[in-house]
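**Student:** Below: one structure in structure tokens.
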Amino acid sequence: MTAETFITFSVIVAALQLIESLNLYSGRGKLTAIAMAISTVEFIWLITCIYALFSISFPGWSIFLPAAFVSYFAVATWHSRHFTKDIENLDDAKELIIPKNLVLISLGFSAAHLVVSGLAWLQYVGA
């Protein structure tokens, strides 16, 4: 994968994150099939970001994209551990309600991630 490909996918993932966050916000934190599907994409993107940090030569400041996503994912996982500890199967996850403060943090990160990814795309790919 090249840096340009990564940056392009970063824009796509960020847009999906924003959709997920808006979906959670409008649903008052209730997980939906859309949110769960996008969460799966985010987990795959996490693995991609970790790989990218060690294998892609990013131009300029764009290495911030995978580093920020990995950091966000780690912090979000840490903060959600107390209300996800009893989830043992998919049906338990469907009953989970994400607290409003975490939904707002997700919304803020996804919006910022989309803006920064878009700027990176404009600077390094679309130019």
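The way I read the labels, and the way they are meant: chains A, B, ... in the order of the structure tokens, residue 1 as the first residue of every chain, and ligand 1 as the first ligand shown, with later ones counted on from there.
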Please report, as a VMD selection string, each residue of chain A to which DSSP assigns alpha helix (DSSP H) when run on this structure's backbone.
**Tutor:** chain A and resid 3 to 26 33 to 55 64 to 84 90 to 94 100 to 120
**Student:** Do you have, as a tab-separated table, the list of residues of region 36-125 of chain A lying at most 9 Å from region 6-12 of chain A, each with its nearest atom pair and that distance in Å to one decimal, counting only C-alpha atoms and ordered by chain then number?
**Tutor:**
```
residue	atom	partner	partner_atom	distance
A:Trp45	CA	A:Ser10	CA	8.6
A:Thr48	CA	A:Phe6	CA	8.8
A:Cys49	CA	A:Phe6	CA	8.6
A:Ala52	CA	A:Phe6	CA	7.9
A:Ile56	CA	A:Phe6	CA	8.8
A:Ser62	CA	A:Ile7	CA	7.9
A:Leu65	CA	A:Ser10	CA	7.4
A:Pro66	CA	A:Ser10	CA	8.3
A:His113	CA	A:Val11	CA	7.9
A:Leu114	CA	A:Val11	CA	5.8
A:Val115	CA	A:Val11	CA	8.4
A:Val116	CA	A:Val11	CA	8.5
A:Ser117	CA	A:Val11	CA	5.1
A:Gly118	CA	A:Val11	CA	5.9
A:Ala120	CA	A:Ile7	CA	6.8
A:Trp121	CA	A:Ile7	CA	5.9
A:Tyr124	CA	A:Ile7	CA	8.3
A:Val125	CA	A:Ile7	CA	7.7
```
**Student:** Would you put the residues from that selection into a file with N, CA and C atoms, as a CSV table (one decimal), in the first residue's frame?
**Tutor:**
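Listing of result.csv after writing:
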```
chain,number,residue,atom,x,y,z
A,45,TRP,N,-9.4,-1.2,9.9
A,45,TRP,CA,-8.6,0.0,9.7
A,45,TRP,C,-7.5,0.2,10.8
A,48,THR,N,-4.8,-2.0,9.8
A,48,THR,CA,-4.1,-1.3,8.6
A,48,THR,C,-3.2,-0.2,9.1
A,49,CYS,N,-3.7,0.6,10.0
A,49,CYS,CA,-2.9,1.8,10.5
A,49,CYS,C,-1.7,1.3,11.3
A,52,ALA,N,0.7,0.3,8.6
A,52,ALA,CA,1.1,1.5,7.9
A,52,ALA,C,2.2,2.3,8.7
A,56,ILE,N,4.9,2.2,5.7
A,56,ILE,CA,4.7,3.2,4.7
A,56,ILE,C,5.5,4.4,5.0
A,62,SER,N,1.6,13.7,7.2
A,62,SER,CA,0.5,12.8,7.0
A,62,SER,C,0.6,11.5,7.8
A,65,LEU,N,-2.0,10.7,10.5
A,65,LEU,CA,-3.3,10.0,10.2
A,65,LEU,C,-3.3,8.6,10.9
A,66,PRO,N,-2.4,7.7,10.6
A,66,PRO,CA,-2.5,6.4,11.3
A,66,PRO,C,-2.2,6.5,12.8
A,113,HIS,N,-11.1,13.9,12.1
A,113,HIS,CA,-10.4,13.0,11.3
A,113,HIS,C,-10.7,13.2,9.8
A,114,LEU,N,-12.0,13.5,9.5
A,114,LEU,CA,-12.4,13.7,8.1
A,114,LEU,C,-11.8,15.0,7.6
A,115,VAL,N,-11.7,16.0,8.4
A,115,VAL,CA,-11.1,17.3,7.9
A,115,VAL,C,-9.6,17.1,7.6
A,116,VAL,N,-8.9,16.5,8.6
A,116,VAL,CA,-7.5,16.3,8.5
A,116,VAL,C,-7.1,15.3,7.3
A,117,SER,N,-7.9,14.3,7.2
A,117,SER,CA,-7.7,13.3,6.1
A,117,SER,C,-8.0,14.0,4.8
A,118,GLY,N,-9.0,14.8,4.7
A,118,GLY,CA,-9.3,15.6,3.5
A,118,GLY,C,-8.2,16.5,3.1
A,120,ALA,N,-5.0,16.2,4.0
A,120,ALA,CA,-3.9,15.4,3.5
A,120,ALA,C,-4.1,14.9,2.1
A,121,TRP,N,-5.4,14.6,1.8
A,121,TRP,CA,-5.7,14.1,0.4
A,121,TRP,C,-5.4,15.3,-0.6
A,124,TYR,N,-1.5,15.9,-0.7
A,124,TYR,CA,-0.6,14.9,-1.2
A,124,TYR,C,-1.1,14.0,-2.3
A,125,VAL,N,-2.4,13.9,-2.5
A,125,VAL,CA,-2.9,13.0,-3.5
A,125,VAL,C,-3.6,13.7,-4.6
```
**Student:** For Ser106 (chain A), which residue among A:Val41, A:Leu46, A:Leu18, A:Leu122 is the nearest when counting only C-alpha atoms?
**Tutor:**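 The shortest atom-to-atom distance to Ser106 (chain A) comes from A:Leu18.
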**Student:** Distance CA of Thr40 (chain A)-CA of Ile98 (chain A), one decimal place?
**Tutor:**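 These two atoms are separated by 16.4 Å.
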**Student:** When you count only C-alpha atoms, which of these residues is closest to Asn23 (chain A): A:Trp61, A:Leu119, A:Ser55, A:Ile38?
**Tutor:**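 The shortest atom-to-atom distance to Asn23 (chain A) comes from A:Ile38.
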**Student:** What does the distance from CA of His79 (chain A) to CA of Phe109 (chain A) come to in Å, to one decimal?
**Tutor:**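 These atoms are spaced 14.5 Å apart.
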**Student:** Provide the CA of Phe43 (chain A) to CA of Leu16 (chain A) distance in Å, to one decimal place.
**Tutor:**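 Computing the Euclidean distance for CA of Phe43 (chain A) and CA of Leu16 (chain A) yields 12.4 Å.
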**Student:** From the list A:Ile19, A:Ala68, A:Leu24, A:Ile44, which residue is nearest Pro99 (chain A) when using only C-alpha atoms?
**Tutor:**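 Among the listed residues, A:Leu24 lies closest to Pro99 (chain A).
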